[in-house]
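**Student:** Data file data-v5.pdb (PDB, C-alpha atoms) is appended below.
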```pdb
ATOM      1  CA  MET A   1     -28.715 -53.282-215.197
ATOM      2  CA  SER A   2     -26.545 -50.898-213.223
ATOM      3  CA  GLN A   3     -23.653 -53.306-212.779
ATOM      4  CA  GLU A   4     -21.802 -55.419-215.257
ATOM      5  CA  TYR A   5     -18.995 -57.701-214.084
ATOM      6  CA  GLY A   6     -19.120 -56.066-210.654
ATOM      7  CA  VAL A   7     -18.097 -52.647-212.029
ATOM      8  CA  GLU A   8     -20.343 -49.626-212.271
ATOM      9  CA  LEU A   9     -21.141 -48.829-215.877
ATOM     10  CA  GLY A  10     -20.210 -45.211-215.262
ATOM     11  CA  ALA A  11     -16.661 -46.253-214.360
ATOM     12  CA  GLY A  12     -16.004 -47.054-218.012
ATOM     13  CA  ARG A  13     -12.993 -48.794-219.429
ATOM     14  CA  GLU A  14     -10.699 -47.848-216.551
ATOM     15  CA  GLY A  15     -12.636 -49.856-213.959
ATOM     16  CA  LEU A  16     -13.183 -52.780-216.288
ATOM     17  CA  SER A  17      -9.492 -52.885-217.241
ATOM     18  CA  SER A  18      -8.495 -52.890-213.574
ATOM     19  CA  GLU A  19     -10.862 -55.755-212.822
ATOM     20  CA  ILE A  20      -9.679 -57.776-215.831
ATOM     21  CA  GLY A  21      -6.117 -57.055-214.755
ATOM     22  CA  LEU A  22      -6.767 -58.449-211.286
ATOM     23  CA  TRP A  23      -8.406 -61.609-212.662
ATOM     24  CA  SER A  24      -5.618 -62.136-215.174
ATOM     25  CA  LEU A  25      -3.114 -61.606-212.364
ATOM     26  CA  LEU A  26      -4.442 -64.747-210.681
ATOM     27  CA  LEU A  27      -4.092 -66.718-213.896
ATOM     28  CA  LEU A  28      -0.572 -65.424-214.510
ATOM     29  CA  VAL A  29       0.504 -66.353-210.976
ATOM     30  CA  TYR A  30      -0.841 -69.862-211.620
ATOM     31  CA  PHE A  31       1.088 -70.074-214.916
ATOM     32  CA  GLY A  32       4.248 -68.931-213.145
ATOM     33  CA  PHE A  33       3.805 -71.458-210.346
ATOM     34  CA  MET A  34       3.128 -74.234-212.868
ATOM     35  CA  ASN A  35       6.291 -73.409-214.799
ATOM     36  CA  ILE A  36       8.437 -73.193-211.681
ATOM     37  CA  MET A  37       7.183 -76.596-210.523
ATOM     38  CA  ARG A  38       7.772 -78.085-213.977
ATOM     39  CA  LEU A  39      11.271 -76.597-213.968
ATOM     40  CA  ARG A  40      12.023 -78.187-210.603
ATOM     41  CA  LYS A  41      10.362 -81.595-211.070
ATOM     42  CA  VAL A  42      10.948 -82.581-214.704
ATOM     43  CA  LYS A  43      14.596 -83.279-215.436
ATOM     44  CA  THR A  44      14.720 -83.454-219.241
ATOM     45  CA  LYS A  45      16.587 -80.726-221.084
ATOM     46  CA  ALA A  46      13.740 -79.945-223.489
ATOM     47  CA  MET A  47      11.259 -79.479-220.650
ATOM     48  CA  LYS A  48      13.631 -77.191-218.765
ATOM     49  CA  ILE A  49      14.080 -75.043-221.875
ATOM     50  CA  SER A  50      10.337 -74.832-222.499
ATOM     51  CA  SER A  51       9.755 -73.983-218.828
ATOM     52  CA  ILE A  52      12.325 -71.186-218.969
ATOM     53  CA  ILE A  53      10.728 -69.782-222.139
ATOM     54  CA  ALA A  54       7.239 -69.960-220.626
ATOM     55  CA  LEU A  55       8.416 -68.452-217.343
ATOM     56  CA  SER A  56      10.123 -65.574-219.177
ATOM     57  CA  LEU A  57       6.974 -64.827-221.168
ATOM     58  CA  THR A  58       4.879 -65.033-217.999
ATOM     59  CA  ILE A  59       7.107 -62.518-216.212
ATOM     60  CA  ILE A  60       6.923 -60.111-219.166
ATOM     61  CA  ILE A  61       3.117 -60.325-219.346
ATOM     62  CA  LEU A  62       2.908 -60.093-215.534
ATOM     63  CA  LEU A  63       4.882 -56.827-215.560
ATOM     64  CA  TRP A  64       2.677 -55.529-218.357
ATOM     65  CA  ASP A  65      -0.381 -56.527-216.342
ATOM     66  CA  PHE A  66       0.922 -54.663-213.279
ATOM     67  CA  GLY A  67       1.430 -51.637-215.523
ATOM     68  CA  MET A  68      -2.163 -51.844-216.713
ATOM     69  CA  ILE A  69      -3.512 -52.173-213.169
ATOM     70  CA  SER A  70      -1.423 -49.328-211.770
ATOM     71  CA  SER A  71      -1.990 -46.872-214.614
ATOM     72  CA  SER A  72      -5.023 -44.754-213.973
ATOM     73  CA  GLY A  73      -6.793 -45.070-217.286
ATOM     74  CA  SER A  74      -3.784 -44.457-219.528
ATOM     75  CA  MET A  75      -3.495 -48.161-220.415
ATOM     76  CA  SER A  76      -6.446 -50.463-221.016
ATOM     77  CA  PHE A  77      -6.890 -54.175-221.539
ATOM     78  CA  ASP A  78      -7.553 -53.477-225.211
ATOM     79  CA  GLU A  79      -3.870 -52.643-225.604
ATOM     80  CA  ILE A  80      -2.487 -55.795-223.987
ATOM     81  CA  GLY A  81      -5.334 -58.214-224.673
ATOM     82  CA  LEU A  82      -3.798 -59.610-227.861
ATOM     83  CA  ALA A  83      -0.423 -60.171-226.190
ATOM     84  CA  TRP A  84      -2.165 -61.820-223.226
ATOM     85  CA  LEU A  85      -4.102 -64.106-225.571
ATOM     86  CA  GLY A  86      -0.871 -64.997-227.415
ATOM     87  CA  HIS A  87       0.777 -65.773-224.088
ATOM     88  CA  CYS A  88      -2.079 -68.082-223.114
ATOM     89  CA  LEU A  89      -1.798 -69.911-226.453
ATOM     90  CA  VAL A  90       1.975 -70.360-226.040
ATOM     91  CA  ILE A  91       1.474 -71.693-222.492
ATOM     92  CA  LEU A  92      -1.231 -74.058-223.747
ATOM     93  CA  ILE A  93       0.995 -75.365-226.551
ATOM     94  CA  LEU A  94       3.978 -75.844-224.228
ATOM     95  CA  SER A  95       1.761 -77.591-221.666
ATOM     96  CA  ILE A  96       0.403 -80.008-224.274
ATOM     97  CA  ILE A  97       3.917 -80.748-225.525
ATOM     98  CA  GLY A  98       5.043 -81.309-221.934
ATOM     99  CA  PHE A  99       2.128 -83.631-221.226
ATOM    100  CA  VAL A 100       2.861 -85.708-224.337
ATOM    101  CA  ARG A 101       6.579 -85.924-223.511
ATOM    102  CA  VAL A 102       5.913 -86.995-219.922
ATOM    103  CA  ARG A 103       3.338 -89.531-221.097
ATOM    104  CA  ASN A 104       5.873 -90.987-223.552
ATOM    105  CA  ILE A 105       8.520 -91.223-220.824
ATOM    106  CA  ILE A 106       6.059 -92.954-218.493
ATOM    107  CA  SER A 107       5.057 -95.411-221.201
ATOM    108  CA  LEU A 108       8.727 -96.343-221.656
ATOM    109  CA  LEU A 109       9.260 -96.890-217.924
ATOM    110  CA  VAL A 110       6.021 -98.685-217.041
ATOM    111  CA  PRO A 111       5.124-102.074-218.576
ATOM    112  CA  LYS A 112       2.179-101.989-220.993
ATOM    113  CA  ASP A 113      -0.131-104.029-218.730
ATOM    114  CA  ASP A 114       0.276-101.564-215.826
ATOM    115  CA  LEU A 115      -0.218 -98.415-217.921
ATOM    116  CA  LEU A 116      -3.289 -96.362-217.047
ATOM    117  CA  ILE A 117      -2.816 -93.538-219.558
TER     118      ILE A 117
END
```
So that I can check it, write out the structure of this file as structure tokens.

**Tutor:**
Amino acid sequence: MSQEYGVELGAGREGLSSEIGLWSLLLLVYFGFMNIMRLRKVKTKAMKISSIIALSLTIIILLWDFGMISSSGSMSFDEIGLAWLGHCLVILILSIIGFVRVRNIISLLVPKDDLLI
């Protein structure tokens, strides 16, 4: 058992934090792309506001993630993990609210017999 998560066990928290930072970077880029697309495509005022809030939080966490990746052991995922988890929960809540709002708008526009949702 010399490797765990693709990182040598001797590398310690520094290597593991860098790897977690790179994986979370992919997820944060996806969140940012999702919010930009929602900002461009959905025209309601509430959705634009929620997209701006989510995009702002994503940029803040993304900068913090870059700081964790670039610091050589002085910052670990333990320090930003709770903020990252809170960010994911906020994005999840805003996405569910957005889905429900879009579903309600579609149900108003489409007759009941043609509705698939």

**Student:** Here's the selection I'm unsure about, the PyMOL selection byres ((chain A and resi 26-34) around 8); applied to the file above, which residues does it give, as a VMD selection string?

**Tutor:** chain A and resid 22 to 25 35 to 38 55 58 to 59 61 to 62 91

**Student:** May I ask which of the residues A:Ala54, A:Leu39, A:Ser74, A:Lys45 is the closest one to Cys88 of chain A, counting all atoms listed in the file?

**Tutor:**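 Comparing A:Ala54, A:Leu39, A:Ser74, A:Lys45 against Cys88 of chain A, the winner is A:Ala54.
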
**Student:** Skip Ser70 of chain A itself and residues of its chain fewer than 5 positions away, then list as a ChimeraX atom specification all residues within 9 Å of it, counting only C-alpha atoms.

**Tutor:** /A:18,65,75

**Student:** Print the selection's residues with C-alpha atoms to a file, as a tab-separated table (two decimals), keeping the file's coordinate frame.

**Tutor:**
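Saved file out31.tsv follows:
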```
chain	number	residue	atom	x	y	z
A	18	SER	CA	-8.49	-52.89	-213.57
A	65	ASP	CA	-0.38	-56.53	-216.34
A	75	MET	CA	-3.50	-48.16	-220.42
```

**Student:** Tell me, in Å to one decimal, how far atom CA of Ser56 of chain A is from atom CA of Arg103 of chain A.

**Tutor:**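 So the answer is 25.0 Å.
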
**Student:** A:Met68, A:Val90, A:Ala83, A:Leu108: which is nearest Ile20 of chain A, counting only C-alpha atoms?

**Tutor:** A:Met68

**Student:** Once you count only C-alpha atoms, which residues end up no further than 9 Å from (8.7, -73.7, -223.8) in the file's frame, shown as a VMD selection string?

**Tutor:** chain A and resid 46 to 55 90 to 91 93 to 95 97 to 98

**Student:** For atom CA of Phe99 of chain A and atom CA of Arg40 of chain A, quote the distance in Å rounded to one decimal.

**Tutor:**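 Taking atom CA of Phe99 of chain A as the start and atom CA of Arg40 of chain A as the end point, the length is 15.5 Å.
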
**Student:** Tell me, in Å to one decimal, how far atom CA of Leu16 of chain A is from atom CA of Ile60 of chain A.

**Tutor:**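 Going from atom CA of Leu16 of chain A over to atom CA of Ile60 of chain A covers 21.6 Å.
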
**Student:** Could you work out an axis-aligned bounding box for all listed atoms of segment 63-81 of chain A, with 4 Å added on each of the six sides, and give its centre and edge lengths in Å to one decimal, as JSON?

**Tutor:**
```
{"center_x": -1.3, "center_y": -51.3, "center_z": -218.7, "size_x": 20.4, "size_y": 21.8, "size_z": 21.8}
```

**Student:** Point out the residue among A:Ile69, A:Val100, A:Leu57, A:Val42 with the least atom-to-atom distance to Gly86 of chain A, counting only C-alpha atoms.

**Tutor:** A:Leu57

**Student:** Tell me which of A:Trp64, A:Lys41, A:Ile106, A:Pro111 sits closest to Trp84 of chain A, counting only C-alpha atoms.

**Tutor:**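 Nearest to Trp84 of chain A: A:Trp64.
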
**Student:** Some atoms are absent from segment 77-94 of chain A, so rebuild N, CA and C atoms and return them as a PDB file, in the frame of the given file.

**Tutor:**
```
ATOM      1  N   PHE A  77      -7.067 -52.776-221.162  1.00  0.00           N
ATOM      2  CA  PHE A  77      -6.890 -54.175-221.539  1.00  0.00           C
ATOM      3  C   PHE A  77      -6.921 -54.347-223.051  1.00  0.00           C
ATOM      4  N   ASP A  78      -7.533 -53.418-223.752  1.00  0.00           N
ATOM      5  CA  ASP A  78      -7.553 -53.477-225.211  1.00  0.00           C
ATOM      6  C   ASP A  78      -6.142 -53.447-225.781  1.00  0.00           C
ATOM      7  N   GLU A  79      -5.238 -52.769-225.109  1.00  0.00           N
ATOM      8  CA  GLU A  79      -3.870 -52.643-225.604  1.00  0.00           C
ATOM      9  C   GLU A  79      -3.032 -53.889-225.351  1.00  0.00           C
ATOM     10  N   ILE A  80      -3.304 -54.620-224.281  1.00  0.00           N
ATOM     11  CA  ILE A  80      -2.487 -55.795-223.987  1.00  0.00           C
ATOM     12  C   ILE A  80      -3.248 -57.105-224.166  1.00  0.00           C
ATOM     13  N   GLY A  81      -4.504 -57.011-224.543  1.00  0.00           N
ATOM     14  CA  GLY A  81      -5.334 -58.214-224.673  1.00  0.00           C
ATOM     15  C   GLY A  81      -4.799 -59.204-225.690  1.00  0.00           C
ATOM     16  N   LEU A  82      -4.313 -58.719-226.827  1.00  0.00           N
ATOM     17  CA  LEU A  82      -3.798 -59.610-227.861  1.00  0.00           C
ATOM     18  C   LEU A  82      -2.512 -60.296-227.397  1.00  0.00           C
ATOM     19  N   ALA A  83      -1.644 -59.555-226.722  1.00  0.00           N
ATOM     20  CA  ALA A  83      -0.423 -60.171-226.190  1.00  0.00           C
ATOM     21  C   ALA A  83      -0.756 -61.187-225.104  1.00  0.00           C
ATOM     22  N   TRP A  84      -1.740 -60.892-224.272  1.00  0.00           N
ATOM     23  CA  TRP A  84      -2.165 -61.820-223.226  1.00  0.00           C
ATOM     24  C   TRP A  84      -2.743 -63.088-223.831  1.00  0.00           C
ATOM     25  N   LEU A  85      -3.540 -62.950-224.884  1.00  0.00           N
ATOM     26  CA  LEU A  85      -4.102 -64.106-225.571  1.00  0.00           C
ATOM     27  C   LEU A  85      -2.994 -64.942-226.221  1.00  0.00           C
ATOM     28  N   GLY A  86      -2.018 -64.278-226.843  1.00  0.00           N
ATOM     29  CA  GLY A  86      -0.871 -64.997-227.415  1.00  0.00           C
ATOM     30  C   GLY A  86      -0.086 -65.737-226.353  1.00  0.00           C
ATOM     31  N   HIS A  87       0.081 -65.120-225.198  1.00  0.00           N
ATOM     32  CA  HIS A  87       0.777 -65.773-224.088  1.00  0.00           C
ATOM     33  C   HIS A  87       0.031 -67.029-223.641  1.00  0.00           C
ATOM     34  N   CYS A  88      -1.277 -66.917-223.521  1.00  0.00           N
ATOM     35  CA  CYS A  88      -2.079 -68.082-223.114  1.00  0.00           C
ATOM     36  C   CYS A  88      -1.964 -69.212-224.136  1.00  0.00           C
ATOM     37  N   LEU A  89      -1.948 -68.878-225.420  1.00  0.00           N
ATOM     38  CA  LEU A  89      -1.798 -69.911-226.453  1.00  0.00           C
ATOM     39  C   LEU A  89      -0.428 -70.575-226.393  1.00  0.00           C
ATOM     40  N   VAL A  90       0.626 -69.785-226.162  1.00  0.00           N
ATOM     41  CA  VAL A  90       1.975 -70.360-226.040  1.00  0.00           C
ATOM     42  C   VAL A  90       2.046 -71.277-224.825  1.00  0.00           C
ATOM     43  N   ILE A  91       1.482 -70.862-223.704  1.00  0.00           N
ATOM     44  CA  ILE A  91       1.474 -71.693-222.492  1.00  0.00           C
ATOM     45  C   ILE A  91       0.687 -72.978-222.742  1.00  0.00           C
ATOM     46  N   LEU A  92      -0.436 -72.871-223.427  1.00  0.00           N
ATOM     47  CA  LEU A  92      -1.231 -74.058-223.747  1.00  0.00           C
ATOM     48  C   LEU A  92      -0.452 -75.023-224.635  1.00  0.00           C
ATOM     49  N   ILE A  93       0.212 -74.510-225.652  1.00  0.00           N
ATOM     50  CA  ILE A  93       0.995 -75.365-226.551  1.00  0.00           C
ATOM     51  C   ILE A  93       2.144 -76.030-225.800  1.00  0.00           C
ATOM     52  N   LEU A  94       2.869 -75.264-224.989  1.00  0.00           N
ATOM     53  CA  LEU A  94       3.978 -75.844-224.228  1.00  0.00           C
ATOM     54  C   LEU A  94       3.489 -76.853-223.200  1.00  0.00           C
TER      55      LEU A  94
END
```
